[in-house]
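K.L.:
This is the structure I have questions about; it appears just below.
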Amino acid sequence: MQQPSSHVLTGVHAERQRGVLALVVLLAGLILAVLAGSAAIPARAQGATDTVAQGAGGGAATARPVQPGSQVLAFNPELGVDNQGTSFRMRLNALIQPRAFVLSEPDRLVVEMPEVTFRMPARVGATGKGLIAGWRGGLFAPGRSRLVFDLSAPAQVVRLSVTPDPTTGVATFDLELAPTSRESFRAEAARAKAKIEALPVATAPVERGPAGKGDREMPAGAGSETVPVVVIDPGHGGVDFGTWSRFSEMQEKELVLAVGHLLRDRLVATKRFKVVMTRNTDVFVPLEERVRIARAAKADLFVSLHADAEETPGVHGATIYTLSESASDQRAADLAAKENRADTLAGLDVPEITDEVTDILIDLTRRETMQLSHLVARGMVDELKKSDRAIRTNPHRSAGFKVLKAHDIPSVLIELGFMTNREDVERMASAEGRKTIAETLQRTIEGYFARQMATAAAPVRAGTAQR
Ligand SMILES: [Zn+2]
């Protein structure tokens with residue numbers, strides 16, 4: 001848990017923001033109403049006054065139901081433990097209707113709600129208390145947010161409520177958990193699973209590749225007007241933060257999205273690539289969906305961006321990963337297991353990846369695709385070594401990453417650096433450092449496609465024989 005001072009600061013900040021927001025809404029309402037000569041004044045003014053009044057502690061203000069288009073803020077999270085069980089509390093600036101369900105293997109409790117912006121310290125849910133081992137809140141899909149609690153023991157919800165405070169206008173989100181038996185938890189999880197399977201998972205709209213790009217047998221750029229499609233995959237997002245730094249508030253999900261956007265802009269500016277992002281905002285995207293986006297875009301290259309963490313703070317530098325049946329080393333195996341947990345962290349009910357599944361997955365991955373992935377990885381290592389940015393030992397490693405499993409798309413996963421190393425964090429957090437990273441990635445990608453074009457007479461193209 002964070003120190004209480006952080007919570008207070010967050011809350012004050014949020015309240016100030018709400019105050020400003022309310023004033024803007026009030027003024028906008030007045031102007032609109034005057035312009036339109038409508039009867040909108042009373043309603044708008046009343047709403048805005050209610051919110052403004054909470055700062056002064058006066059009036060019969062209440063948190064109001066979510067208005068279309070307005071932002072719901074969540075802040076001041078608190079965990080508590082007593083004889084009855086474990087409680088989680090947070091504040092909201094509007095009334096929402098949360099819905100909870102449990103998932104097993106591993107044991108989790110998920111609270112679904114409409115889109116909420118979590119104004120909370122970066123590492124707030126890293127540790128837990130009582131029945132809650134850890135937790136996270138964030139966007140799960142457009143319009144849908146989630147709190148996901150990792151449970152340390154089977155638990156049941158005894159209270160889930162959102163109560164407005166008539167004095168402050170701030171609503172309190174209350175979740176109380178009590179221990180339950182393994183059997184009843186399992187039964188509850190099974191009931192929830194049946195319901196979830198009936199629900200569609202909303203996902204980000206997929207940008208399609210340009211018409212005619214389907215002809216992948218045409219070597220990229222060789223007499224063709226079409227350009228290679230590069231899919232940039234910023235890891236994690238929304239409710240899944242990825243890893244974080246001890247040295248700053250920077251989270252992996254923010255870092256990789258920022259670097260992804262820089263890389264996209266650089267590639268697009270050359271007019272020699274089409275770029276598709278698996279996510280453009282701070283939203284959760286399931287691993288399978290990332291692969292699906294790449295395939296729908298008919299990608300020529302898939303680049304997944306991540307940042308690493310390591311117990312030894314001295315370990316630094318970038319590492320390039322490709323898919324393999326057996327991991328190149330224990331680190332790679334552990335890392336793949338960690339990155340593959342993204343869906344679990346976000347509260348998706350996914351079967352754990354087994355060796356058997358990995359085998360099938362590798363069989364499906366064509367040898368040519370693997371060769372091309374290795375080519376990209378080698379180019380990346382060469383580029384990184386020029387600037388002494390590669391990890392010291394084995395900068396190219398391999399393991400069973402779910403997100404690299406598109407069998408016809410050369411795919412690499414890049415750990416840009418270590419969030420546990422001060423120099424790496426400084427580099428990855430600074431504008432200059434990010435620019436250098438994006439440049440390196442751009443040079444690698446350009447070098448790879450240039451080489452592909454140079455060998456266009458006898459191109460090694462993934463999936464050529466299959467289509
Ligand atoms: Zn990651």
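Following the order of the structure tokens, first chain is A, next is B, and so on, with residues numbered from 1 inside each chain and ligands from 1 in the order they appear.
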Once you count only C-alpha atoms and all ligand atoms, what closest atom pair and distance in Å to one decimal does each residue of chain A within 12 Å of ligand 1 have, with rows by chain and rising residue number, as a tab-separated table?

P.N.:
residue	atom	partner	partner_atom_place_in_ligand_line	distance
A:Asp233	CA	ligand 1	1 (Zn)	10.6
A:Pro234	CA	ligand 1	1 (Zn)	8.6
A:Gly235	CA	ligand 1	1 (Zn)	5.5
A:His236	CA	ligand 1	1 (Zn)	6.3
A:Gly237	CA	ligand 1	1 (Zn)	9.7
A:Asp240	CA	ligand 1	1 (Zn)	9.5
A:Phe241	CA	ligand 1	1 (Zn)	8.5
A:Gly242	CA	ligand 1	1 (Zn)	5.2
A:Thr243	CA	ligand 1	1 (Zn)	6.6
A:Trp244	CA	ligand 1	1 (Zn)	9.8
A:Gln251	CA	ligand 1	1 (Zn)	10.1
A:Glu252	CA	ligand 1	1 (Zn)	6.7
A:Lys253	CA	ligand 1	1 (Zn)	7.7
A:Glu254	CA	ligand 1	1 (Zn)	11.0
A:Leu255	CA	ligand 1	1 (Zn)	10.4
A:Val256	CA	ligand 1	1 (Zn)	8.7
A:Leu257	CA	ligand 1	1 (Zn)	11.4
A:Leu287	CA	ligand 1	1 (Zn)	11.3
A:Ser304	CA	ligand 1	1 (Zn)	8.9
A:Leu305	CA	ligand 1	1 (Zn)	7.3
A:His306	CA	ligand 1	1 (Zn)	4.3
A:Ala307	CA	ligand 1	1 (Zn)	5.5
A:Asp308	CA	ligand 1	1 (Zn)	6.6
A:Ala309	CA	ligand 1	1 (Zn)	9.1
A:Tyr321	CA	ligand 1	1 (Zn)	11.8
A:Asp334	CA	ligand 1	1 (Zn)	11.9
A:Leu335	CA	ligand 1	1 (Zn)	8.4
A:Ala336	CA	ligand 1	1 (Zn)	9.1
A:Ala337	CA	ligand 1	1 (Zn)	10.5
A:Lys338	CA	ligand 1	1 (Zn)	7.7
A:Glu339	CA	ligand 1	1 (Zn)	5.3
A:Asn340	CA	ligand 1	1 (Zn)	8.8
A:Arg341	CA	ligand 1	1 (Zn)	9.6
A:Ala342	CA	ligand 1	1 (Zn)	8.1
A:Asp343	CA	ligand 1	1 (Zn)	11.7
A:Leu345	CA	ligand 1	1 (Zn)	12.0
A:Phe401	CA	ligand 1	1 (Zn)	10.8
A:Val403	CA	ligand 1	1 (Zn)	10.8
A:Leu413	CA	ligand 1	1 (Zn)	9.2
A:Ile414	CA	ligand 1	1 (Zn)	9.1
A:Glu415	CA	ligand 1	1 (Zn)	7.4
A:Leu416	CA	ligand 1	1 (Zn)	9.7
A:Gly417	CA	ligand 1	1 (Zn)	10.7
A:Phe418	CA	ligand 1	1 (Zn)	10.7
A:Met419	CA	ligand 1	1 (Zn)	10.6

K.L.:
Leaving out segment 379-386 of chain A and any residue of its chain fewer than 5 positions from it, which residues lie within 12 Å of it when counting only C-alpha atoms, given as a VMD selection string?

P.N.:
chain A and resid 303 317 to 322 372 to 374 391 to 397 412 to 417 436 to 451

K.L.:
Could you pull out the residues in segment 178-341 of chain A that DSSP calls helix (DSSP H, G or I) from the backbone, as JSON, numbers by chain?

P.N.:
{"A": [182, 183, 184, 185, 186, 187, 188, 189, 190, 191, 192, 193, 194, 195, 196, 197, 252, 253, 254, 255, 256, 257, 258, 259, 260, 261, 262, 263, 264, 265, 266, 267, 268, 269, 287, 288, 289, 290, 291, 292, 293, 294, 295, 296, 330, 331, 332, 333, 334, 335, 336, 337, 338, 339, 340]}

K.L.:
Ranking A:Ser248, A:Ser430, A:Thr270, A:Gln84 by minimum distance to Gln156 of chain A and counting only C-alpha atoms, which one comes first?

P.N.:
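Residue with the minimum atom-to-atom distance to Gln156 of chain A: A:Gln84.
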
K.L.:
Do a neighbour search on Pro410 of chain A at 8 Å with only C-alpha atoms, toss out local chain neighbours closer than 5 positions, and write the hits as a list of chain:residue names.

P.N.:
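These residues fall inside the cut-off: A:Asp300, A:Leu301, A:Phe302, A:Thr369, A:Met370, A:Leu372, A:Ser373, A:Ala462.
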
K.L.:
Residues at most 7 Å from Met113 of chain A, counting only C-alpha atoms, excluding those fewer than 6 positions away in the same chain, as a PyMOL selection string?

P.N.:
chain A and resi 96-99+144-146

K.L.:
Give me, please, the distance in Å between atom CA of Lys298 of chain A and atom CA of Val230 of chain A, quoted to one decimal.

P.N.:
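Between these atoms lies a distance of 9.1 Å.
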
K.L.:
Please list as a ChimeraX atom specification every residue within 8 Å of Val285 of chain A, counting only C-alpha atoms and excluding residues in the same chain fewer than 2 positions away.

P.N.:
/A:140-141,203-204,236-237,278-279,283,287,289-290

K.L.:
For the atom pair atom CA of Glu249 of chain A and atom CA of Met120 of chain A, what is the interatomic distance in Å to one decimal place?

P.N.:
10.6 Å

K.L.:
Considering only strand (DSSP E) as DSSP defines it on the backbone, what residues of segment 184-348 of chain A qualify? List them as a PyMOL selection string.

P.N.:
chain A and resi 229-234+274-277+301-308+319-323

K.L.:
List the spatial neighbours of Lys274 of chain A as a list in words - criterion: any atom at most 9 Å away, only C-alpha atoms, same-chain residues fewer than 6 positions off excluded.

P.N.:
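Once the adjacent positions are removed, what remains is Gly209, Pro210, Thr226, Val227, Pro228, Val229, Val230, Val231, Arg264, Leu267 and Val268 of chain A.
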
K.L.:
Would you save the residues from that selection as a CSV table (one decimal), in the first residue's frame, using N, CA and C atoms?

P.N.:
chain,number,residue,atom,x,y,z
A,209,GLY,N,-5.7,-3.6,-43.2
A,209,GLY,CA,-4.7,-3.3,-44.2
A,209,GLY,C,-5.3,-2.7,-45.4
A,210,PRO,N,-4.5,-2.0,-46.2
A,210,PRO,CA,-5.1,-1.4,-47.4
A,210,PRO,C,-5.6,-2.4,-48.4
A,226,THR,N,2.2,-1.0,-53.0
A,226,THR,CA,1.8,-1.2,-51.6
A,226,THR,C,3.1,-1.2,-50.7
A,227,VAL,N,2.9,-0.8,-49.5
A,227,VAL,CA,4.1,-0.8,-48.6
A,227,VAL,C,4.0,-1.8,-47.5
A,228,PRO,N,5.1,-2.2,-46.9
A,228,PRO,CA,5.0,-3.2,-45.8
A,228,PRO,C,4.1,-2.7,-44.6
A,229,VAL,N,3.4,-3.6,-44.1
A,229,VAL,CA,2.5,-3.2,-42.9
A,229,VAL,C,3.3,-3.7,-41.6
A,230,VAL,N,3.6,-2.7,-40.8
A,230,VAL,CA,4.2,-3.0,-39.5
A,230,VAL,C,3.2,-2.8,-38.4
A,231,VAL,N,3.0,-3.8,-37.6
A,231,VAL,CA,2.1,-3.7,-36.5
A,231,VAL,C,2.9,-3.5,-35.2
A,264,ARG,N,5.7,4.8,-34.5
A,264,ARG,CA,4.7,4.9,-35.5
A,264,ARG,C,4.9,6.2,-36.3
A,267,LEU,N,8.0,6.0,-38.6
A,267,LEU,CA,7.8,5.1,-39.7
A,267,LEU,C,6.8,5.7,-40.8
A,268,VAL,N,5.7,6.2,-40.3
A,268,VAL,CA,4.7,6.8,-41.2
A,268,VAL,C,5.4,8.0,-41.9
